[in-house]
Amino acid sequence: FCLFFPYLEDHISKNGSSYPTLPYRAFCILYVLLSAVSGEDTQDRTDRLLLTPWVKFLWESYRQCLDLLRNNSKVERLYHDIAQQAFKFCLQYTRKAEFRKLCDNLRMHLGQIQRHHNQSTAINLNNPESQSMHLETRLVQLDSAISMELWQEAFKAVEDIHGLFALSKKPPKPQLMANYYNKVSTVFWKSGNALFHACTLHRLYHLSREMRKNLTQEEMQRMSTRVLLATLSIPITPERTDIARLLDMDGIIVEKHRRLATLLGLQSPPTRQSLINDMVRFNLLQYVVPEVKEVYNWLEVDFHPLKLCGRVTKVLNWVRDQAEKESDLQHYVPHLQNNTILRLLQQVAQIYQSIEFSRLASLVPFVDAFQLERSIVDAARHCDLQVRIDHTSRTLSFGSDLNYSTKEDSPVGPFLQNMPSEQIRNQLTAMSSSLAKAIQVIKPVSILQEHEEQSQQAITAYLKNARKEHQRILVRRQTIEERKERLESLNIQREKEELEQREAELQKVRKAEEERLRQEAKEREKERIMQEHEQIKKKTVRERLEQIKKTELGAKAFKDIDIEDLEELDPDFIMAKQVEQLEKEKKELQERLKNQEKKIDYFERAKRLEEIPLIKKAYEEQRIKDMELWELQEEERIRNMKMEREKALEHKQRMSRMIEDKENFLSEIKAARSFIYEEKLKQFQERLVEERKKRLEERKKQRKEDRRKAFYHQKEEEAQRIHEEQLKKEREERERLEQEQREEEEREYQDRLRKLEEQERKQRVRQQEIEERERRKEEERRAPEEKPSKVNHKSCVKCAYTPYTTVQK
């Protein structure tokens with residue numbers, strides 16, 4: 001278009017208003033080709049070139065400001081204002097990624113405030129003003145997350161708000177808690193947790209009743225109706241996925257519920273039955289609208305399966321009709337339908353063994369056959385009841401398997417009779433109870449005698465070992481407490497060291513990551529700025545060339561030069577041309593404005609000269625009219641005042657005749673009242689004297705009773721002291737005897753030990769003598785045989801005989 005427009009303009013100026021055939025066709029073809037290649041319109045290009053850089057710059061400004069002001073008490077208010085502006089920016093332009101980063105940054109800033117609270121300008125989270133500002137910012141964060149449907153960030157914001165509640169020493173304001181409960185209920189409902197959604201509405205309802213003094217009847221009805229429908233919409237049996245059932249995730253689910261209960265300030269997780277009991281105990285049903293009040297009795301109390309769904313359908317239709325007034329009640333309808341179907345199946349199973357599917361479908365008018373069959377399969381799969389579907393005969397069978405057992409030991413809701421499987425399951429318990437009763441009937445005397453003997457034995461054993469066992473338990477308890485304290489101190493020390501080590505490692509990693517991100521951001525920013533400068537430079541040159549070529553001077557100067565060549569020219573040369581043209585246009589404009597100014601000046605002066613006498617004439621006429629009107633109003637005012645004066649004098653004269661009657665009436669009233677007052681005063685004095693006597697008598701009796709109790713108490717203490725001293729003496733005497741016995745045993749043991757040592761010493765001496773004789777005999781045997789054989793025979797006999805005789809001795 002930029003290429004062909006000058007040519008088209010010259011052609012139109014020469015040949016008339018009709019477009020030429022060839023340039024027009026060429027322009028259309030060029031426009032179609034550009035549209036096909038680019039794939040975007042002018043608005044998209046403008047957003048990419050102008051809006052996106054501006055949005056990025058604004059986001060970086062918010063982030064840098066928050067990083068600079070994060071832990072400075074002097075600019076704390078400014079920090080929270082900028083954070084709230086950043087939330088509004090993310091909400092306005094739907095910047096979900098930036099919103100998540102902003103939430104993470106605020107959470108990191110709060111952690112840094114808690115870690116670096118010892119600095120001179122650090123924020124004190126114990127300050128109520130700081131806590132209120134943080135809570136206000138987190139509530140804005142929660143509201144923005146709900147508006148953008150970022151439910152994970154909304155849940156994190158709820159946890160942050162609960163953490164700030166825990167830091168506060170004072171309870172939060174009721175308005176703040178009401179806003180918190182309202183938003184938390186929305187988060188729970190969007191997460192599919194109907195139990196905690198209803199529990200949150202219960203908390204909001206009780207808070208409103210206790211704190212709001214101007215709560216109207218209409219608001220009470222609306223809140224009560226919503227709480228009732230939300231409570232009845234809780235699934236009767238909590239749904240569990242197949243994966244959760246296979247992996248045995250009950251512990252994880254319980255821990256999750258305990259964590260959610262903590263967010264609501266509850267000690268333990270709620271249940272559907274506990275919420276219904278609270279609703280009945282606080283008599284919430286009396287405030288519910290009449291159209292919905294009976295749905296509780298139909299679903300939880302009455303047993304009437306044939307009319308159940310018809311009654312509930314009327315309530316559901318009423319809820320649908322209130323779509324404009326009460327839009328919050330519409331999302332409870334599907335859950336109420338599912339609970340109604342399950343209640344119907346449970347009640348039908350208690351009175352029918354089998355039923356046709358068509359008959360059951362006629363009892364449930366608000367769902368089709370497919371949804372009904374799916375509800376039946378889900379009830380059987382979740383072990384809510386025992387049911388089988390026979391597709392050949394299109395019938396349902398209930399309670400035919402005696403080995404089947406439902407999840408609950410006792411039924412919840414309307415109940416008529418037990419299923420056969422439940423009766424078989426409780427058979428052993430019933431048999432045991434019957435046998436125990438029969439034994440008591442057959443042998444009551446022996447059983448009582450046996451129980452009495454066992455009781456006496458237990459009492460005797462207790463009295464014999466009570467004090468010793470008590471001392472042992474106290475020592476053991478003290479040992480356990482000391483061990484617990486030692487283990488706790490060791491665990492705390494170890495956890496502290498691990499936490500410090502982990503914090504140091506995280507700090508190093510965080511610093512390295514921040515440094516890397518900072519370098520990458522600098523490089524990206526530098527490249528972006530260079531690209532933007534290059535684009536702006538090219539765009540500026542092209543715009544200047546287009547502006548210059550549109551002028552007559554520019555068209556003549558750059559007639560034979562291509563636009564691509566013109567872009568390579570010096571921008572200063574192009575600017576000089578443009579400045580010259582602008583100066584020329586400026587001079588022409590000044591001349592035109594000067595001539596127009598003179599013309600307007602002359603015209604205004606002529607109008608003023610013509611309208612001056614007319615204005616003076618109109619002023620005089622208006623002045624005369626105003627004077628006449630003022631005189632008429634003044635006469636009317638004086639006349640009215642005179643009439644009022646005359647009426648006042650008449651009233652005064654008429655009332656003056658009643659003064660005597662008034663005085664007589666007042667005196668009579670005062671006399672009657674004085675007599676009544678004196679009578680009452682006399683009665684009061686009499687009662688005062690009687691009451692004083694009565695109280696003095698009671699105090700006297702009380703003092704006597706106190707002295708008697710004190711005397712008996714002192715006497716018991718003295719007897720207890722004497723008994724304890726006697727026990728102490730006996731224990732000391734017993735310990736002394738035990739000590740003497742131990743010493744005697746020790747002396748006997750030492751005597752036996754000395755005798756054994758003496759025997760051992762003698763035995764060692766004898767053993768040494770035997771060894772010495774054996775050694776001599778061996779030496780004599782090895783000596784050369786120089787003596788005669790006779791002598792040798794005698795020595796051998798002597799040597800052989802000597803050890804034997806020594807051993808015998």
# chains A, B, ... in the order shown; residues from 1 in each chain; ligands from 1
call {"tool": "residues_around", "arguments": {"residues": "Leu396 in chain A", "least_positions_apart": "4", "cutoff": "7 Å", "atoms": "only C-alpha atoms", "output": "ChimeraX atom specification"}}
result
/A:354-357,387-390
call {"tool": "write_last_selection", "arguments": {"atoms": "N, CA, C and O atoms", "output": "mmCIF file, in the first residue's frame"}}
result
data_model
loop_
_atom_site.group_PDB
_atom_site.id
_atom_site.type_symbol
_atom_site.label_atom_id
_atom_site.label_comp_id
_atom_site.auth_asym_id
_atom_site.auth_seq_id
_atom_site.Cartn_x
_atom_site.Cartn_y
_atom_site.Cartn_z
ATOM 1 N N SER A 354 -35.851 -58.579 45.094
ATOM 2 C CA SER A 354 -35.591 -58.299 43.681
ATOM 3 C C SER A 354 -36.648 -57.318 43.199
ATOM 4 O O SER A 354 -37.766 -57.274 43.726
ATOM 5 N N ILE A 355 -36.272 -56.515 42.197
ATOM 6 C CA ILE A 355 -37.168 -55.510 41.645
ATOM 7 C C ILE A 355 -36.828 -55.315 40.181
ATOM 8 O O ILE A 355 -35.656 -55.442 39.777
ATOM 9 N N GLU A 356 -37.821 -55.026 39.366
ATOM 10 C CA GLU A 356 -37.582 -54.775 37.950
ATOM 11 C C GLU A 356 -36.902 -53.420 37.769
ATOM 12 O O GLU A 356 -37.190 -52.457 38.492
ATOM 13 N N PHE A 357 -36.061 -53.378 36.749
ATOM 14 C CA PHE A 357 -35.320 -52.133 36.500
ATOM 15 C C PHE A 357 -36.269 -51.016 36.068
ATOM 16 O O PHE A 357 -36.069 -49.852 36.418
ATOM 17 N N VAL A 387 -25.877 -55.558 45.529
ATOM 18 C CA VAL A 387 -26.857 -55.493 44.453
ATOM 19 C C VAL A 387 -26.259 -56.148 43.217
ATOM 20 O O VAL A 387 -25.046 -56.038 42.959
ATOM 21 N N ARG A 388 -27.090 -56.829 42.455
ATOM 22 C CA ARG A 388 -26.701 -57.463 41.194
ATOM 23 C C ARG A 388 -27.726 -57.083 40.136
ATOM 24 O O ARG A 388 -28.937 -57.053 40.404
ATOM 25 N N ILE A 389 -27.242 -56.826 38.921
ATOM 26 C CA ILE A 389 -28.113 -56.473 37.794
ATOM 27 C C ILE A 389 -28.156 -57.667 36.836
ATOM 28 O O ILE A 389 -27.104 -58.112 36.361
ATOM 29 N N ASP A 390 -29.353 -58.156 36.568
ATOM 30 C CA ASP A 390 -29.563 -59.238 35.615
ATOM 31 C C ASP A 390 -30.126 -58.623 34.330
ATOM 32 O O ASP A 390 -31.312 -58.250 34.253
#
call {"tool": "closest_residue", "arguments": {"among": "A:Gln683, A:Ser393, A:Thr460, A:Tyr352", "to": "Pro305 in chain A", "atoms": "only C-alpha atoms"}}
result
A:Tyr352
call {"tool": "select_by_dssp", "arguments": {"residues": "range 277-359 of chain A", "states": "alpha helix (DSSP H)", "output": "ChimeraX atom specification"}}
result
/A:277-281,290-293,295-300,305-321,333-351,357-359
call {"tool": "write_last_selection", "arguments": {"atoms": "N, CA and C atoms", "output": "compact mmCIF listing (two decimals), in the first residue's frame"}}
result
# COMPACT_ATOMS: atom_id res chain seq x y z
N ASN A 277 -25.23 -33.74 62.67
CA ASN A 277 -25.56 -33.65 64.10
C ASN A 277 -25.41 -32.22 64.62
N ASP A 278 -24.37 -31.52 64.19
CA ASP A 278 -24.21 -30.11 64.58
C ASP A 278 -25.37 -29.27 64.06
N MET A 279 -25.78 -29.54 62.84
CA MET A 279 -26.88 -28.78 62.24
C MET A 279 -28.18 -28.98 63.03
N VAL A 280 -28.41 -30.20 63.48
CA VAL A 280 -29.61 -30.47 64.27
C VAL A 280 -29.47 -29.91 65.69
N ARG A 281 -28.28 -30.01 66.27
CA ARG A 281 -28.08 -29.55 67.64
C ARG A 281 -28.25 -28.04 67.77
N PRO A 290 -39.24 -22.65 53.87
CA PRO A 290 -40.17 -23.80 53.98
C PRO A 290 -40.07 -24.77 52.81
N GLU A 291 -39.69 -24.28 51.61
CA GLU A 291 -39.62 -25.18 50.44
C GLU A 291 -38.51 -26.21 50.56
N VAL A 292 -37.51 -25.96 51.40
CA VAL A 292 -36.33 -26.85 51.48
C VAL A 292 -36.24 -27.52 52.84
N LYS A 293 -37.04 -27.09 53.82
CA LYS A 293 -36.86 -27.55 55.19
C LYS A 293 -37.04 -29.06 55.32
N VAL A 295 -36.46 -31.47 53.25
CA VAL A 295 -35.56 -32.37 52.52
C VAL A 295 -34.65 -33.13 53.48
N TYR A 296 -34.36 -32.54 54.65
CA TYR A 296 -33.54 -33.26 55.64
C TYR A 296 -34.26 -34.50 56.16
N ASN A 297 -35.53 -34.35 56.52
CA ASN A 297 -36.30 -35.50 57.02
C ASN A 297 -36.45 -36.57 55.94
N TRP A 298 -36.65 -36.16 54.69
CA TRP A 298 -36.84 -37.12 53.61
C TRP A 298 -35.57 -37.94 53.34
N LEU A 299 -34.39 -37.30 53.46
CA LEU A 299 -33.14 -38.00 53.12
C LEU A 299 -32.50 -38.68 54.32
N GLU A 300 -32.70 -38.16 55.54
CA GLU A 300 -31.94 -38.64 56.69
C GLU A 300 -32.79 -39.29 57.77
N PRO A 305 -39.36 -45.25 50.54
CA PRO A 305 -38.67 -45.27 49.24
C PRO A 305 -39.56 -44.94 48.06
N LEU A 306 -40.87 -45.23 48.13
CA LEU A 306 -41.73 -45.02 46.97
C LEU A 306 -42.02 -43.55 46.72
N LYS A 307 -41.91 -42.69 47.73
CA LYS A 307 -42.20 -41.27 47.56
C LYS A 307 -40.97 -40.39 47.73
N LEU A 308 -39.81 -40.99 47.96
CA LEU A 308 -38.60 -40.21 48.25
C LEU A 308 -38.21 -39.32 47.09
N CYS A 309 -38.04 -39.89 45.89
CA CYS A 309 -37.55 -39.11 44.75
C CYS A 309 -38.56 -38.07 44.31
N GLY A 310 -39.86 -38.37 44.42
CA GLY A 310 -40.87 -37.39 44.06
C GLY A 310 -40.82 -36.17 44.96
N ARG A 311 -40.61 -36.38 46.25
CA ARG A 311 -40.51 -35.25 47.16
C ARG A 311 -39.25 -34.42 46.90
N VAL A 312 -38.14 -35.13 46.71
CA VAL A 312 -36.89 -34.40 46.48
C VAL A 312 -36.93 -33.65 45.16
N THR A 313 -37.65 -34.17 44.16
CA THR A 313 -37.74 -33.50 42.87
C THR A 313 -38.38 -32.12 43.01
N LYS A 314 -39.37 -31.98 43.89
CA LYS A 314 -39.98 -30.67 44.09
C LYS A 314 -38.96 -29.67 44.64
N VAL A 315 -38.12 -30.14 45.55
CA VAL A 315 -37.09 -29.24 46.09
C VAL A 315 -36.08 -28.86 45.01
N LEU A 316 -35.68 -29.82 44.18
CA LEU A 316 -34.72 -29.53 43.12
C LEU A 316 -35.31 -28.56 42.10
N ASN A 317 -36.57 -28.71 41.79
CA ASN A 317 -37.22 -27.77 40.86
C ASN A 317 -37.27 -26.37 41.46
N TRP A 318 -37.54 -26.28 42.77
CA TRP A 318 -37.53 -24.96 43.41
C TRP A 318 -36.15 -24.34 43.36
N VAL A 319 -35.12 -25.14 43.58
CA VAL A 319 -33.75 -24.61 43.52
C VAL A 319 -33.42 -24.13 42.11
N ARG A 320 -33.85 -24.86 41.09
CA ARG A 320 -33.61 -24.41 39.71
C ARG A 320 -34.36 -23.12 39.40
N ASP A 321 -35.55 -22.96 39.96
CA ASP A 321 -36.31 -21.73 39.71
C ASP A 321 -35.65 -20.51 40.34
N VAL A 333 -27.33 -29.31 42.97
CA VAL A 333 -28.38 -30.18 42.44
C VAL A 333 -27.84 -31.56 42.04
N PRO A 334 -26.74 -31.68 41.26
CA PRO A 334 -26.25 -33.03 40.89
C PRO A 334 -25.88 -33.88 42.10
N HIS A 335 -25.28 -33.29 43.11
CA HIS A 335 -24.89 -34.06 44.29
C HIS A 335 -26.11 -34.53 45.07
N LEU A 336 -27.13 -33.67 45.18
CA LEU A 336 -28.36 -34.09 45.85
C LEU A 336 -29.04 -35.24 45.09
N GLN A 337 -28.99 -35.20 43.76
CA GLN A 337 -29.56 -36.29 42.98
C GLN A 337 -28.83 -37.60 43.24
N ASN A 338 -27.50 -37.57 43.28
CA ASN A 338 -26.73 -38.81 43.54
C ASN A 338 -27.02 -39.37 44.93
N ASN A 339 -27.08 -38.50 45.96
CA ASN A 339 -27.38 -38.98 47.30
C ASN A 339 -28.81 -39.51 47.40
N THR A 340 -29.74 -38.90 46.68
CA THR A 340 -31.12 -39.38 46.69
C THR A 340 -31.21 -40.78 46.08
N ILE A 341 -30.49 -40.98 44.97
CA ILE A 341 -30.49 -42.30 44.33
C ILE A 341 -29.91 -43.36 45.27
N LEU A 342 -28.82 -43.02 45.96
CA LEU A 342 -28.21 -43.99 46.87
C LEU A 342 -29.13 -44.29 48.06
N ARG A 343 -29.78 -43.26 48.61
CA ARG A 343 -30.73 -43.50 49.69
C ARG A 343 -31.89 -44.40 49.21
N LEU A 344 -32.36 -44.15 47.99
CA LEU A 344 -33.44 -44.97 47.45
C LEU A 344 -33.01 -46.43 47.32
N LEU A 345 -31.79 -46.66 46.82
CA LEU A 345 -31.30 -48.03 46.67
C LEU A 345 -31.16 -48.72 48.03
N GLN A 346 -30.66 -47.99 49.04
CA GLN A 346 -30.50 -48.58 50.36
C GLN A 346 -31.85 -48.95 50.98
N GLN A 347 -32.85 -48.09 50.78
CA GLN A 347 -34.16 -48.38 51.35
C GLN A 347 -34.87 -49.50 50.60
N VAL A 348 -34.75 -49.50 49.26
CA VAL A 348 -35.36 -50.56 48.47
C VAL A 348 -34.73 -51.90 48.80
N ALA A 349 -33.42 -51.92 49.05
CA ALA A 349 -32.73 -53.17 49.37
C ALA A 349 -33.20 -53.77 50.69
N GLN A 350 -33.74 -52.95 51.59
CA GLN A 350 -34.19 -53.46 52.88
C GLN A 350 -35.59 -54.06 52.83
N ILE A 351 -36.36 -53.75 51.77
CA ILE A 351 -37.74 -54.26 51.72
C ILE A 351 -37.99 -55.16 50.53
N PHE A 357 -36.06 -53.38 36.75
CA PHE A 357 -35.32 -52.13 36.50
C PHE A 357 -36.27 -51.02 36.07
N SER A 358 -37.29 -51.36 35.30
CA SER A 358 -38.25 -50.35 34.86
C SER A 358 -39.00 -49.77 36.05
N ARG A 359 -39.35 -50.63 37.02
CA ARG A 359 -40.03 -50.16 38.21
C ARG A 359 -39.14 -49.21 39.01
call {"tool": "atom_distance", "arguments": {"atom1": "CA of Val254 in chain A", "atom2": "CA of Leu266 in chain A"}}
result
14.0 Å
call {"tool": "atom_distance", "arguments": {"atom1": "CA of Gln386 in chain A", "atom2": "CA of Pro269 in chain A"}}
result
28.8 Å
call {"tool": "closest_residue", "arguments": {"among": "A:Ala719, A:Leu688, A:Ser362, A:Leu275", "to": "Leu201 in chain A", "atoms": "only C-alpha atoms"}}
result
A:Leu275
call {"tool": "atom_distance", "arguments": {"atom1": "CA of Ile529 in chain A", "atom2": "CA of Lys56 in chain A"}}
result
12.5 Å
call {"tool": "residues_around", "arguments": {"residues": "range 109-115 of chain A", "least_positions_apart": "5", "cutoff": "12 Å", "atoms": "only C-alpha atoms", "output": "PyMOL selection string"}}
result
chain A and resi 63+66-73+76+79-80+83+102-104+121-126+130-131+134-135+137-138+160-161+163-164+167+500+503+507
